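Student: I'd like to ask some things about the structure below.
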Amino acid sequence: MAGTAVRIALARSAGPIFIAGLDFAVRDLEEHVRPNAFDREAEAGIGRLRPLETGKYGRIIRFYPEKLGGSLRSSQSLKTYAGWFAARRFPGLYRLAPSPVATGIPESPRGIWEALPRSSPPPRFRALPLPGLSDRAALVRRLVDGFLREIRRARTPEDLSPFARDLAEAVEPDLTFGPGDVPRTGTGGGFSEPLRESLAAFAESLLPFGRTSR
């Protein structure tokens, strides 16, 4: 995976590539960036007599037997992977804060950041002004008026638009608005007058916002 990522990065870039985390080693009890699937293995069976650190330590000792100094450890499989990089040359590739495992990839030299080409600042876009209070109130009024018209004309839920169905179901949770369904609070396969009045009353309760001046 790392080898493929490096090849793609070098093929798609004309500048130097900096790679971090390519250590081929583990530090202390951490194998990978968290969260990681290996955490579940260490967490299996943890309890008062077997804390999480015990499970992690056992896995580290078992799979990474070679000490590199300090809190770093490695394994033969990781060194084989590192040898794949060492047997090749990747001009323009640098490691950040590398581990002692040899890969043939040089550490980023001092001053390399200053040598990078400067990118132009992103364009600035002028923020559009928010609509005034009266404009927002007018929008609410149009939505409410449209909902009221649909409620007054509809005979069954299928006559409502998706917006009106969602709003009606939010007001009356007992309604069922699947295809072919009828509201349980309705009668005769349509809207009962109490239901229609309840939905209309809710919609009209929003209209005072439409009367607020700028």
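As shown in the structure tokens, the chain order sets the letters A, B, ...; within each chain, residues go from 1, and ligands are also counted from 1 in the order they appear.
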Please give the complete set of residues from chain A that DSSP, run on the backbone, assigns to alpha helix (DSSP H), formatted as an MDAnalysis selection string.
Tutor: chainID A and resid 2:12 38:43 52:63 76:86 112:115 133:153 162:171 193:205
Student: Write out as a ChimeraX atom specification all residues of range 6-135 of chain A that backbone DSSP assigns to strand (DSSP E).
Tutor: /A:17-20,26-27,66-69,72-74,93-96
Student: So, with only C-alpha atoms as the atoms that count, which of A:Arg73, A:Arg124, A:Arg136, A:Arg95 lies closest to Phe24 in chain A?
Tutor: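 That would be A:Arg73, the residue with the smallest distance to Phe24 in chain A.
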Student: If we count only C-alpha atoms and set the cut-off at 8 Å, which residues sit around range 17-21 of chain A, ignoring sequence neighbours fewer than 2 positions away in its own chain? Please answer as a PDB file with N, CA and C atoms, in the first residue's frame.
Tutor:
ATOM      1  N   ALA A   9       2.117   9.307  -5.888  1.00  0.00           N
ATOM      2  CA  ALA A   9       2.459  10.677  -5.497  1.00  0.00           C
ATOM      3  C   ALA A   9       3.585  11.230  -6.357  1.00  0.00           C
ATOM      4  N   LEU A  10       4.610  10.424  -6.613  1.00  0.00           N
ATOM      5  CA  LEU A  10       5.733  10.888  -7.428  1.00  0.00           C
ATOM      6  C   LEU A  10       5.320  11.095  -8.884  1.00  0.00           C
ATOM      7  N   SER A  13       3.241  14.495  -9.132  1.00  0.00           N
ATOM      8  CA  SER A  13       3.794  15.730  -8.580  1.00  0.00           C
ATOM      9  C   SER A  13       5.145  16.030  -9.202  1.00  0.00           C
ATOM     10  N   GLY A  15       7.132  18.258  -7.583  1.00  0.00           N
ATOM     11  CA  GLY A  15       7.940  18.705  -6.459  1.00  0.00           C
ATOM     12  C   GLY A  15       8.310  17.564  -5.544  1.00  0.00           C
ATOM     13  N   ASP A  23       7.613   4.099   9.370  1.00  0.00           N
ATOM     14  CA  ASP A  23       8.659   3.777  10.340  1.00  0.00           C
ATOM     15  C   ASP A  23       9.110   2.325  10.277  1.00  0.00           C
ATOM     16  N   GLY A  92      13.452  12.601  -4.891  1.00  0.00           N
ATOM     17  CA  GLY A  92      12.442  13.570  -4.480  1.00  0.00           C
ATOM     18  C   GLY A  92      11.570  13.109  -3.337  1.00  0.00           C
ATOM     19  N   LEU A  93      11.829  11.898  -2.794  1.00  0.00           N
ATOM     20  CA  LEU A  93      11.042  11.374  -1.675  1.00  0.00           C
ATOM     21  C   LEU A  93      11.835  11.529  -0.385  1.00  0.00           C
ATOM     22  N   TYR A  94      11.183  12.063   0.661  1.00  0.00           N
ATOM     23  CA  TYR A  94      11.851  12.294   1.942  1.00  0.00           C
ATOM     24  C   TYR A  94      10.979  11.763   3.075  1.00  0.00           C
ATOM     25  N   ARG A  95      11.639  11.311   4.150  1.00  0.00           N
ATOM     26  CA  ARG A  95      10.934  10.853   5.350  1.00  0.00           C
ATOM     27  C   ARG A  95      10.960  11.947   6.405  1.00  0.00           C
ATOM     28  N   LEU A  96       9.857  12.079   7.098  1.00  0.00           N
ATOM     29  CA  LEU A  96       9.776  13.017   8.212  1.00  0.00           C
ATOM     30  C   LEU A  96       9.925  12.247   9.516  1.00  0.00           C
ATOM     31  N   ALA A  97      10.826  12.710  10.392  1.00  0.00           N
ATOM     32  CA  ALA A  97      11.069  12.078  11.693  1.00  0.00           C
ATOM     33  C   ALA A  97      11.198  10.572  11.547  1.00  0.00           C
ATOM     34  N   PRO A  98      12.183  10.089  10.786  1.00  0.00           N
ATOM     35  CA  PRO A  98      12.270   8.648  10.514  1.00  0.00           C
ATOM     36  C   PRO A  98      12.716   7.844  11.725  1.00  0.00           C
ATOM     37  N   SER A 108      14.206  14.530   5.453  1.00  0.00           N
ATOM     38  CA  SER A 108      14.057  15.829   4.800  1.00  0.00           C
ATOM     39  C   SER A 108      15.166  16.763   5.270  1.00  0.00           C
TER      40      SER A 108
END
Student: Measuring between only C-alpha atoms, which one of A:Ile151, A:Leu195, A:Arg126, A:Val6 shows the shortest distance to Arg88 in chain A?
Tutor: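 Once distances to Arg88 in chain A are computed over only C-alpha atoms, the minimum belongs to A:Val6.
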Student: Go ahead and compute the interatomic distance for CA of Ser198 in chain A and CA of Leu143 in chain A, in Å to one decimal.
Tutor: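 Between CA of Ser198 in chain A and CA of Leu143 in chain A the gap works out to 17.1 Å.
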Student: Record the distance separating CA of Thr4 in chain A and CA of Pro65 in chain A, expressed in Å with one decimal.
Tutor: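 Straight-line distance from CA of Thr4 in chain A to CA of Pro65 in chain A works out to 27.5 Å.
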Student: A:Thr54, A:Ser134, A:Ser74, A:Thr156: which is nearest Ser99 in chain A, counting only C-alpha atoms?
Tutor: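 Checking each of A:Thr54, A:Ser134, A:Ser74, A:Thr156 against Ser99 in chain A, counting only C-alpha atoms, the winner is A:Ser74.
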